[in-house]
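Student: Just one file: data_13.txt, with compact mmCIF, N, CA and C atoms.
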# COMPACT_ATOMS: atom_id res chain seq x y z
N MET A 503 -22.18 -27.65 -4.10
CA MET A 503 -22.79 -26.78 -3.11
C MET A 503 -22.43 -25.34 -3.44
N THR A 504 -23.40 -24.44 -3.47
CA THR A 504 -23.16 -23.05 -3.80
C THR A 504 -22.89 -22.24 -2.54
N GLN A 505 -22.07 -21.24 -2.72
CA GLN A 505 -21.75 -20.36 -1.60
C GLN A 505 -22.71 -19.18 -1.60
N SER A 506 -23.04 -18.69 -0.43
CA SER A 506 -23.86 -17.49 -0.36
C SER A 506 -23.00 -16.27 -0.69
N ASN A 507 -23.66 -15.16 -0.94
CA ASN A 507 -22.93 -13.93 -1.24
C ASN A 507 -22.03 -13.52 -0.08
N VAL A 508 -22.50 -13.74 1.13
CA VAL A 508 -21.70 -13.38 2.31
C VAL A 508 -20.43 -14.23 2.38
N GLU A 509 -20.54 -15.51 2.09
CA GLU A 509 -19.36 -16.38 2.10
C GLU A 509 -18.39 -15.99 0.99
N ARG A 510 -18.91 -15.65 -0.17
CA ARG A 510 -18.04 -15.20 -1.27
C ARG A 510 -17.36 -13.88 -0.92
N ALA A 511 -18.11 -12.98 -0.27
CA ALA A 511 -17.52 -11.70 0.14
C ALA A 511 -16.43 -11.92 1.18
N GLU A 512 -16.65 -12.83 2.11
CA GLU A 512 -15.64 -13.15 3.12
C GLU A 512 -14.37 -13.70 2.48
N LYS A 513 -14.55 -14.57 1.51
CA LYS A 513 -13.40 -15.14 0.79
C LYS A 513 -12.67 -14.05 0.00
N ALA A 514 -13.43 -13.17 -0.64
CA ALA A 514 -12.82 -12.07 -1.40
C ALA A 514 -12.08 -11.11 -0.48
N THR A 515 -12.62 -10.91 0.72
CA THR A 515 -11.97 -10.03 1.69
C THR A 515 -10.62 -10.60 2.12
N ARG A 516 -10.57 -11.91 2.33
CA ARG A 516 -9.29 -12.57 2.68
C ARG A 516 -8.30 -12.45 1.52
N GLY A 517 -8.79 -12.64 0.31
CA GLY A 517 -7.92 -12.50 -0.86
C GLY A 517 -7.39 -11.09 -1.00
N ARG A 518 -8.25 -10.11 -0.72
CA ARG A 518 -7.83 -8.71 -0.77
C ARG A 518 -6.73 -8.45 0.25
N ALA A 519 -6.86 -9.02 1.43
CA ALA A 519 -5.83 -8.84 2.48
C ALA A 519 -4.50 -9.41 2.02
N VAL A 520 -4.53 -10.58 1.40
CA VAL A 520 -3.29 -11.20 0.91
C VAL A 520 -2.68 -10.33 -0.20
N LEU A 521 -3.51 -9.84 -1.12
CA LEU A 521 -2.99 -9.00 -2.21
C LEU A 521 -2.39 -7.70 -1.69
N MET A 522 -2.98 -7.14 -0.67
CA MET A 522 -2.44 -5.90 -0.11
C MET A 522 -1.11 -6.16 0.59
N ALA A 523 -1.00 -7.27 1.28
CA ALA A 523 0.29 -7.61 1.92
C ALA A 523 1.35 -7.84 0.86
N LEU A 524 1.01 -8.54 -0.21
CA LEU A 524 1.96 -8.75 -1.31
C LEU A 524 2.32 -7.43 -1.98
N GLY A 525 1.34 -6.56 -2.13
CA GLY A 525 1.61 -5.24 -2.72
C GLY A 525 2.57 -4.43 -1.88
N ALA A 526 2.41 -4.49 -0.56
CA ALA A 526 3.32 -3.78 0.34
C ALA A 526 4.73 -4.32 0.20
N ALA A 527 4.86 -5.64 0.17
CA ALA A 527 6.19 -6.25 0.02
C ALA A 527 6.81 -5.85 -1.31
N PHE A 528 6.01 -5.83 -2.36
CA PHE A 528 6.49 -5.44 -3.68
C PHE A 528 6.97 -3.99 -3.69
N LEU A 529 6.18 -3.09 -3.11
CA LEU A 529 6.58 -1.67 -3.07
C LEU A 529 7.87 -1.47 -2.30
N LEU A 530 7.96 -2.09 -1.14
CA LEU A 530 9.16 -1.91 -0.32
C LEU A 530 10.39 -2.51 -1.00
N ALA A 531 10.24 -3.69 -1.60
CA ALA A 531 11.36 -4.31 -2.31
C ALA A 531 11.77 -3.45 -3.50
N SER A 532 10.81 -2.94 -4.21
CA SER A 532 11.09 -2.11 -5.38
C SER A 532 11.85 -0.84 -4.99
N ALA A 533 11.45 -0.23 -3.88
CA ALA A 533 12.13 0.99 -3.42
C ALA A 533 13.56 0.68 -2.99
N LEU A 534 13.75 -0.42 -2.28
CA LEU A 534 15.09 -0.77 -1.80
C LEU A 534 16.00 -1.20 -2.94
N LEU A 535 15.47 -1.97 -3.88
CA LEU A 535 16.28 -2.42 -5.01
C LEU A 535 16.65 -1.27 -5.95
N GLY A 536 15.78 -0.27 -6.03
CA GLY A 536 16.05 0.87 -6.90
C GLY A 536 16.85 1.97 -6.24
N PHE A 537 17.14 1.82 -4.94
CA PHE A 537 17.87 2.85 -4.20
C PHE A 537 19.26 3.03 -4.78
N GLY A 538 19.60 4.26 -5.08
CA GLY A 538 20.93 4.56 -5.62
C GLY A 538 21.08 4.23 -7.10
N ASN A 539 20.01 3.88 -7.75
CA ASN A 539 20.04 3.55 -9.18
C ASN A 539 19.31 4.65 -9.94
N PRO A 540 20.04 5.63 -10.47
CA PRO A 540 19.40 6.80 -11.09
C PRO A 540 18.33 6.47 -12.14
N PRO A 541 18.48 5.44 -12.99
CA PRO A 541 17.41 5.19 -13.96
C PRO A 541 16.06 4.84 -13.32
N ASP A 542 16.09 4.32 -12.10
CA ASP A 542 14.83 3.97 -11.44
C ASP A 542 14.04 5.19 -10.99
N SER A 543 14.69 6.32 -10.82
CA SER A 543 13.97 7.51 -10.38
C SER A 543 14.07 8.66 -11.38
N ALA A 544 14.64 8.41 -12.53
CA ALA A 544 14.76 9.44 -13.56
C ALA A 544 13.42 9.60 -14.29
N PRO A 545 13.24 10.71 -14.99
CA PRO A 545 11.99 10.90 -15.74
C PRO A 545 11.95 10.02 -16.99
N THR A 546 11.93 8.74 -16.78
CA THR A 546 11.86 7.75 -17.86
C THR A 546 10.68 6.83 -17.58
N VAL A 547 10.55 5.81 -18.41
CA VAL A 547 9.47 4.84 -18.21
C VAL A 547 9.62 4.17 -16.85
N ARG A 548 10.83 3.80 -16.48
CA ARG A 548 11.05 3.15 -15.18
C ARG A 548 10.65 4.06 -14.03
N GLY A 549 10.98 5.33 -14.14
CA GLY A 549 10.59 6.29 -13.10
C GLY A 549 9.09 6.50 -13.08
N GLY A 550 8.48 6.51 -14.25
CA GLY A 550 7.03 6.68 -14.34
C GLY A 550 6.26 5.49 -13.79
N ILE A 551 6.83 4.32 -13.93
CA ILE A 551 6.16 3.13 -13.40
C ILE A 551 6.04 3.23 -11.89
N TRP A 552 7.03 3.83 -11.24
CA TRP A 552 6.96 4.00 -9.79
C TRP A 552 5.71 4.82 -9.42
N LEU A 553 5.50 5.92 -10.16
CA LEU A 553 4.32 6.75 -9.89
C LEU A 553 3.04 5.94 -10.06
N LEU A 554 2.97 5.16 -11.11
CA LEU A 554 1.78 4.34 -11.36
C LEU A 554 1.57 3.31 -10.26
N GLN A 555 2.66 2.71 -9.78
CA GLN A 555 2.55 1.72 -8.70
C GLN A 555 1.96 2.37 -7.45
N ILE A 556 2.50 3.51 -7.07
CA ILE A 556 2.02 4.20 -5.87
C ILE A 556 0.55 4.58 -6.04
N LEU A 557 0.21 5.16 -7.19
CA LEU A 557 -1.18 5.55 -7.42
C LEU A 557 -2.11 4.34 -7.42
N LEU A 558 -1.70 3.26 -8.03
CA LEU A 558 -2.52 2.05 -8.07
C LEU A 558 -2.80 1.54 -6.66
N PHE A 559 -1.78 1.46 -5.84
CA PHE A 559 -1.97 0.95 -4.49
C PHE A 559 -2.75 1.93 -3.62
N LEU A 560 -2.60 3.22 -3.85
CA LEU A 560 -3.41 4.19 -3.11
C LEU A 560 -4.89 4.07 -3.49
N ILE A 561 -5.16 3.90 -4.78
CA ILE A 561 -6.54 3.72 -5.23
C ILE A 561 -7.11 2.43 -4.66
N LEU A 562 -6.32 1.37 -4.69
CA LEU A 562 -6.76 0.09 -4.15
C LEU A 562 -7.10 0.22 -2.67
N LEU A 563 -6.26 0.92 -1.94
CA LEU A 563 -6.50 1.09 -0.51
C LEU A 563 -7.69 2.02 -0.27
N ALA A 564 -7.78 3.10 -1.00
CA ALA A 564 -8.86 4.07 -0.80
C ALA A 564 -10.23 3.50 -1.12
N THR A 565 -10.30 2.64 -2.13
CA THR A 565 -11.59 2.09 -2.54
C THR A 565 -11.89 0.75 -1.90
N GLY A 566 -10.90 0.12 -1.34
CA GLY A 566 -11.08 -1.22 -0.78
C GLY A 566 -10.97 -2.29 -1.84
N GLY A 567 -10.58 -1.92 -3.03
CA GLY A 567 -10.43 -2.91 -4.10
C GLY A 567 -11.78 -3.43 -4.57
N GLY A 568 -11.75 -4.49 -5.29
CA GLY A 568 -12.99 -5.08 -5.77
C GLY A 568 -13.73 -4.22 -6.77
N LEU A 569 -13.02 -3.39 -7.51
CA LEU A 569 -13.67 -2.50 -8.47
C LEU A 569 -14.37 -3.27 -9.59
N MET A 570 -13.93 -4.50 -9.82
CA MET A 570 -14.55 -5.32 -10.86
C MET A 570 -15.74 -6.12 -10.31
N ALA A 571 -15.92 -6.10 -9.01
CA ALA A 571 -17.01 -6.86 -8.38
C ALA A 571 -18.33 -6.10 -8.54
N SER A 572 -19.41 -6.81 -8.35
CA SER A 572 -20.73 -6.18 -8.44
C SER A 572 -20.92 -5.20 -7.29
N ARG A 573 -21.88 -4.33 -7.45
CA ARG A 573 -22.16 -3.34 -6.41
C ARG A 573 -22.52 -4.02 -5.09
N ASN A 574 -23.31 -5.09 -5.17
CA ASN A 574 -23.71 -5.82 -3.97
C ASN A 574 -22.49 -6.46 -3.28
N MET A 575 -21.59 -7.04 -4.07
CA MET A 575 -20.40 -7.67 -3.51
C MET A 575 -19.49 -6.62 -2.87
N ARG A 576 -19.33 -5.48 -3.53
CA ARG A 576 -18.51 -4.40 -2.94
C ARG A 576 -19.11 -3.92 -1.63
N ALA A 577 -20.44 -3.83 -1.56
CA ALA A 577 -21.09 -3.40 -0.32
C ALA A 577 -20.83 -4.40 0.80
N LEU A 578 -20.86 -5.69 0.47
CA LEU A 578 -20.59 -6.70 1.48
C LEU A 578 -19.12 -6.68 1.92
N MET A 579 -18.22 -6.47 0.96
CA MET A 579 -16.80 -6.46 1.29
C MET A 579 -16.40 -5.21 2.08
N ASN A 580 -17.03 -4.08 1.76
CA ASN A 580 -16.66 -2.81 2.39
C ASN A 580 -17.66 -2.45 3.47
N ASP A 581 -17.80 -3.33 4.44
CA ASP A 581 -18.71 -3.09 5.55
C ASP A 581 -18.09 -2.09 6.53
N GLU A 582 -18.78 -1.85 7.64
CA GLU A 582 -18.29 -0.87 8.62
C GLU A 582 -16.92 -1.23 9.17
N MET A 583 -16.69 -2.52 9.39
CA MET A 583 -15.39 -2.97 9.92
C MET A 583 -14.28 -2.68 8.92
N SER A 584 -14.54 -2.94 7.67
CA SER A 584 -13.55 -2.69 6.63
C SER A 584 -13.26 -1.20 6.50
N LEU A 585 -14.30 -0.38 6.57
CA LEU A 585 -14.10 1.07 6.50
C LEU A 585 -13.28 1.57 7.69
N ARG A 586 -13.55 1.02 8.86
CA ARG A 586 -12.77 1.39 10.05
C ARG A 586 -11.32 0.94 9.90
N ASN A 587 -11.13 -0.28 9.38
CA ASN A 587 -9.78 -0.79 9.16
C ASN A 587 -9.02 0.08 8.17
N ARG A 588 -9.70 0.52 7.12
CA ARG A 588 -9.04 1.39 6.13
C ARG A 588 -8.65 2.71 6.76
N SER A 589 -9.50 3.26 7.60
CA SER A 589 -9.19 4.50 8.28
C SER A 589 -7.96 4.34 9.17
N ARG A 590 -7.90 3.26 9.90
CA ARG A 590 -6.74 2.98 10.75
C ARG A 590 -5.48 2.78 9.90
N ALA A 591 -5.64 2.13 8.76
CA ALA A 591 -4.50 1.90 7.87
C ALA A 591 -3.95 3.22 7.34
N PHE A 592 -4.82 4.12 6.94
CA PHE A 592 -4.35 5.43 6.45
C PHE A 592 -3.64 6.19 7.56
N SER A 593 -4.16 6.12 8.77
CA SER A 593 -3.50 6.78 9.91
C SER A 593 -2.13 6.18 10.15
N THR A 594 -2.04 4.86 10.10
CA THR A 594 -0.76 4.18 10.29
C THR A 594 0.21 4.57 9.18
N GLY A 595 -0.28 4.59 7.94
CA GLY A 595 0.57 4.98 6.82
C GLY A 595 1.11 6.39 6.97
N PHE A 596 0.28 7.29 7.49
CA PHE A 596 0.72 8.67 7.71
C PHE A 596 1.85 8.73 8.74
N VAL A 597 1.68 8.01 9.84
CA VAL A 597 2.71 8.00 10.88
C VAL A 597 4.00 7.36 10.36
N VAL A 598 3.88 6.26 9.62
CA VAL A 598 5.06 5.60 9.04
C VAL A 598 5.76 6.54 8.08
N THR A 599 5.00 7.28 7.30
CA THR A 599 5.58 8.26 6.37
C THR A 599 6.41 9.29 7.12
N LEU A 600 5.84 9.85 8.18
CA LEU A 600 6.56 10.87 8.95
C LEU A 600 7.80 10.31 9.62
N LEU A 601 7.68 9.14 10.22
CA LEU A 601 8.84 8.53 10.88
C LEU A 601 9.94 8.19 9.88
N THR A 602 9.56 7.71 8.71
CA THR A 602 10.55 7.41 7.67
C THR A 602 11.23 8.69 7.20
N ALA A 603 10.47 9.75 7.02
CA ALA A 603 11.06 11.03 6.60
C ALA A 603 12.04 11.53 7.65
N LEU A 604 11.68 11.41 8.93
CA LEU A 604 12.59 11.83 9.99
C LEU A 604 13.86 10.98 10.01
N LEU A 605 13.71 9.69 9.81
CA LEU A 605 14.86 8.79 9.79
C LEU A 605 15.79 9.14 8.62
N ILE A 606 15.22 9.39 7.46
CA ILE A 606 16.05 9.76 6.29
C ILE A 606 16.73 11.10 6.54
N TYR A 607 16.05 12.01 7.19
CA TYR A 607 16.64 13.30 7.53
C TYR A 607 17.88 13.11 8.40
N VAL A 608 17.77 12.28 9.42
CA VAL A 608 18.89 12.04 10.34
C VAL A 608 20.02 11.30 9.61
N VAL A 609 19.68 10.27 8.82
CA VAL A 609 20.71 9.52 8.10
C VAL A 609 21.45 10.42 7.12
N SER A 610 20.74 11.39 6.55
CA SER A 610 21.38 12.28 5.56
C SER A 610 22.44 13.17 6.18
N TRP A 611 22.50 13.27 7.50
CA TRP A 611 23.55 14.04 8.14
C TRP A 611 24.92 13.41 7.90
N SER A 612 24.96 12.09 7.80
CA SER A 612 26.24 11.42 7.61
C SER A 612 26.40 10.82 6.22
N SER A 613 25.33 10.57 5.53
CA SER A 613 25.38 10.00 4.17
C SER A 613 24.41 10.76 3.28
N PRO A 614 24.93 11.41 2.26
CA PRO A 614 24.00 12.13 1.38
C PRO A 614 23.03 11.16 0.71
N ILE A 615 21.77 11.56 0.65
CA ILE A 615 20.72 10.75 0.02
C ILE A 615 20.10 11.59 -1.08
N ASP A 616 20.07 11.02 -2.26
CA ASP A 616 19.45 11.69 -3.39
C ASP A 616 17.97 11.97 -3.08
N LEU A 617 17.50 13.13 -3.48
CA LEU A 617 16.12 13.52 -3.18
C LEU A 617 15.12 12.48 -3.68
N ARG A 618 15.28 12.03 -4.92
CA ARG A 618 14.34 11.06 -5.48
C ARG A 618 14.38 9.73 -4.74
N ASP A 619 15.58 9.30 -4.35
CA ASP A 619 15.68 8.06 -3.56
C ASP A 619 14.96 8.21 -2.22
N GLY A 620 15.15 9.36 -1.59
CA GLY A 620 14.47 9.61 -0.32
C GLY A 620 12.96 9.60 -0.47
N ILE A 621 12.48 10.24 -1.52
CA ILE A 621 11.04 10.27 -1.75
C ILE A 621 10.51 8.87 -2.03
N ARG A 622 11.25 8.08 -2.79
CA ARG A 622 10.82 6.70 -3.06
C ARG A 622 10.73 5.90 -1.77
N LEU A 623 11.72 6.05 -0.90
CA LEU A 623 11.70 5.32 0.37
C LEU A 623 10.54 5.78 1.25
N ILE A 624 10.33 7.07 1.30
CA ILE A 624 9.25 7.61 2.14
C ILE A 624 7.89 7.15 1.64
N THR A 625 7.65 7.26 0.33
CA THR A 625 6.35 6.84 -0.19
C THR A 625 6.16 5.34 -0.09
N ALA A 626 7.21 4.58 -0.34
CA ALA A 626 7.09 3.11 -0.23
C ALA A 626 6.80 2.70 1.20
N ALA A 627 7.48 3.33 2.15
CA ALA A 627 7.25 2.99 3.56
C ALA A 627 5.84 3.39 3.99
N GLY A 628 5.41 4.57 3.60
CA GLY A 628 4.08 5.04 3.99
C GLY A 628 2.96 4.22 3.40
N VAL A 629 2.99 4.04 2.08
CA VAL A 629 1.93 3.27 1.41
C VAL A 629 2.05 1.79 1.80
N GLY A 630 3.28 1.29 1.84
CA GLY A 630 3.47 -0.11 2.25
C GLY A 630 3.00 -0.35 3.67
N GLY A 631 3.29 0.59 4.56
CA GLY A 631 2.84 0.47 5.94
C GLY A 631 1.32 0.47 6.04
N ALA A 632 0.68 1.33 5.26
CA ALA A 632 -0.79 1.38 5.25
C ALA A 632 -1.36 0.08 4.71
N LEU A 633 -0.79 -0.43 3.63
CA LEU A 633 -1.27 -1.69 3.05
C LEU A 633 -1.09 -2.85 4.02
N LEU A 634 0.07 -2.92 4.66
CA LEU A 634 0.31 -3.99 5.64
C LEU A 634 -0.65 -3.89 6.82
N CYS A 635 -0.86 -2.70 7.31
CA CYS A 635 -1.78 -2.51 8.43
C CYS A 635 -3.18 -2.96 8.03
N TYR A 636 -3.64 -2.54 6.87
CA TYR A 636 -4.98 -2.92 6.42
C TYR A 636 -5.09 -4.43 6.23
N ALA A 637 -4.07 -5.02 5.62
CA ALA A 637 -4.09 -6.48 5.42
C ALA A 637 -4.16 -7.20 6.77
N TRP A 638 -3.37 -6.76 7.72
CA TRP A 638 -3.35 -7.40 9.03
C TRP A 638 -4.70 -7.24 9.75
N LEU A 639 -5.26 -6.04 9.72
CA LEU A 639 -6.56 -5.81 10.37
C LEU A 639 -7.66 -6.63 9.72
N GLU A 640 -7.65 -6.70 8.41
CA GLU A 640 -8.67 -7.48 7.70
C GLU A 640 -8.51 -8.98 7.97
N TRP A 641 -7.28 -9.43 8.05
CA TRP A 641 -7.03 -10.86 8.25
C TRP A 641 -7.44 -11.31 9.65
N ARG A 642 -7.19 -10.47 10.66
CA ARG A 642 -7.47 -10.89 12.02
C ARG A 642 -8.95 -10.75 12.39
N ASP A 643 -9.68 -9.92 11.66
CA ASP A 643 -11.11 -9.72 11.98
C ASP A 643 -11.97 -10.82 11.43
What would you get if you wrote out this structure as structure tokens?
Tutor:
Amino acid sequence: MTQSNVERAEKATRGRAVLMALGAAFLLASALLGFGNPPDSAPTVRGGIWLLQILLFLILLATGGGLMASRNMRALMNDEMSLRNRSRAFSTGFVVTLLTALLIYVVSWSSPIDLRDGIRLITAAGVGGALLCYAWLEWRD
């Protein structure tokens, strides 16, 4: 039995939600495991990979993923609900970024935090929060 394009798009949308949730977990784990480890944030390959990870997940979130899918499939996957969910996810990511920055600011009063470690935590929390929000909104709709 063949699936219609709408059914395939629905399945791809669920898969995208799972991948975004996994991506958020990966980013947050990577930031926490690299905390206080200078080679992870130094201008080396390991430090550069962090930049690529953040950019990759931002592009994935901004485009809705599915860049390898046909134009018709992308149109079905990125419907009005998905666009609204992405907008809400970016808003959530922005708020999470600010709250994380404020938390790091307060924690730094009693424990010095390396600038690069702080930036890694802030970006991981912000992008991870946006990815998690988008995954949750897509999954429940």
Student: At a cut-off of 7 Å, using all atoms listed in the file, what residues contact region 508-523 of chain A? Leave out same-chain residues fewer than 6 positions from it and give the result as a PDB file with N, CA and C atoms, in the frame of the given file.
Tutor:
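The result, stored in result_14.pdb:
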ATOM      1  N   MET A 575     -21.590  -7.040  -4.070  1.00  0.00           N
ATOM      2  CA  MET A 575     -20.400  -7.670  -3.510  1.00  0.00           C
ATOM      3  C   MET A 575     -19.490  -6.620  -2.870  1.00  0.00           C
ATOM      4  N   LEU A 578     -20.860  -5.690   0.470  1.00  0.00           N
ATOM      5  CA  LEU A 578     -20.590  -6.700   1.480  1.00  0.00           C
ATOM      6  C   LEU A 578     -19.120  -6.680   1.920  1.00  0.00           C
ATOM      7  N   MET A 579     -18.220  -6.470   0.960  1.00  0.00           N
ATOM      8  CA  MET A 579     -16.800  -6.460   1.290  1.00  0.00           C
ATOM      9  C   MET A 579     -16.400  -5.210   2.080  1.00  0.00           C
ATOM     10  N   LEU A 633      -0.790  -0.430   3.630  1.00  0.00           N
ATOM     11  CA  LEU A 633      -1.270  -1.690   3.050  1.00  0.00           C
ATOM     12  C   LEU A 633      -1.090  -2.850   4.020  1.00  0.00           C
ATOM     13  N   LEU A 634       0.070  -2.920   4.660  1.00  0.00           N
ATOM     14  CA  LEU A 634       0.310  -3.990   5.640  1.00  0.00           C
ATOM     15  C   LEU A 634      -0.650  -3.890   6.820  1.00  0.00           C
ATOM     16  N   TYR A 636      -3.640  -2.540   6.870  1.00  0.00           N
ATOM     17  CA  TYR A 636      -4.980  -2.920   6.420  1.00  0.00           C
ATOM     18  C   TYR A 636      -5.090  -4.430   6.230  1.00  0.00           C
ATOM     19  N   ALA A 637      -4.070  -5.020   5.620  1.00  0.00           N
ATOM     20  CA  ALA A 637      -4.090  -6.480   5.420  1.00  0.00           C
ATOM     21  C   ALA A 637      -4.160  -7.200   6.770  1.00  0.00           C
ATOM     22  N   TRP A 638      -3.370  -6.760   7.720  1.00  0.00           N
ATOM     23  CA  TRP A 638      -3.350  -7.400   9.030  1.00  0.00           C
ATOM     24  C   TRP A 638      -4.700  -7.240   9.750  1.00  0.00           C
ATOM     25  N   GLU A 640      -7.650  -6.700   8.410  1.00  0.00           N
ATOM     26  CA  GLU A 640      -8.670  -7.480   7.700  1.00  0.00           C
ATOM     27  C   GLU A 640      -8.510  -8.980   7.970  1.00  0.00           C
ATOM     28  N   TRP A 641      -7.280  -9.430   8.050  1.00  0.00           N
ATOM     29  CA  TRP A 641      -7.030 -10.860   8.250  1.00  0.00           C
ATOM     30  C   TRP A 641      -7.440 -11.310   9.650  1.00  0.00           C
TER      31      TRP A 641
END
Student: Within chain A, find each residue whose DSSP state, derived from the backbone, is alpha helix (DSSP H), and express the selection as an NGL selection string.
Tutor: :A and (507-536 or 540-543 or 547-565 or 573-579 or 582-609 or 617-642)
Student: Measure the distance from CA of Thr594 (chain A) to CA of Ala632 (chain A) in Å and round it to one decimal.
Tutor: 5.8 Å
Student: Find the residue from A:Leu530, A:Leu639, A:Met583, A:Leu623 that sits nearest to Thr602 (chain A); use all atoms listed in the file when measuring.
Tutor: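 Between A:Leu530, A:Leu639, A:Met583, A:Leu623, the residue approaching Thr602 (chain A) most closely is A:Leu623.
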Student: For atom C of Cys635 (chain A) and atom C of Ala591 (chain A), quote the distance in Å rounded to one decimal.
Tutor: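 Computing it gives 6.3 Å between the two atoms.
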Student: How many Å lie between atom C of Thr625 (chain A) and atom C of Ser613 (chain A), rounded to one decimal?
Tutor: 19.3 Å
Student: Which one of A:Gly536, A:Gly566, A:Gly525, A:Gly620 sits closest to Asn587 (chain A) if you count only C-alpha atoms?
Tutor: A:Gly566
Student: Which of these, A:Asn580, A:Val609, A:Val598, A:Arg588, has the shortest distance to Leu560 (chain A) once you count only C-alpha atoms?
Tutor: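 Ranked by minimum distance to Leu560 (chain A), first place goes to A:Arg588.
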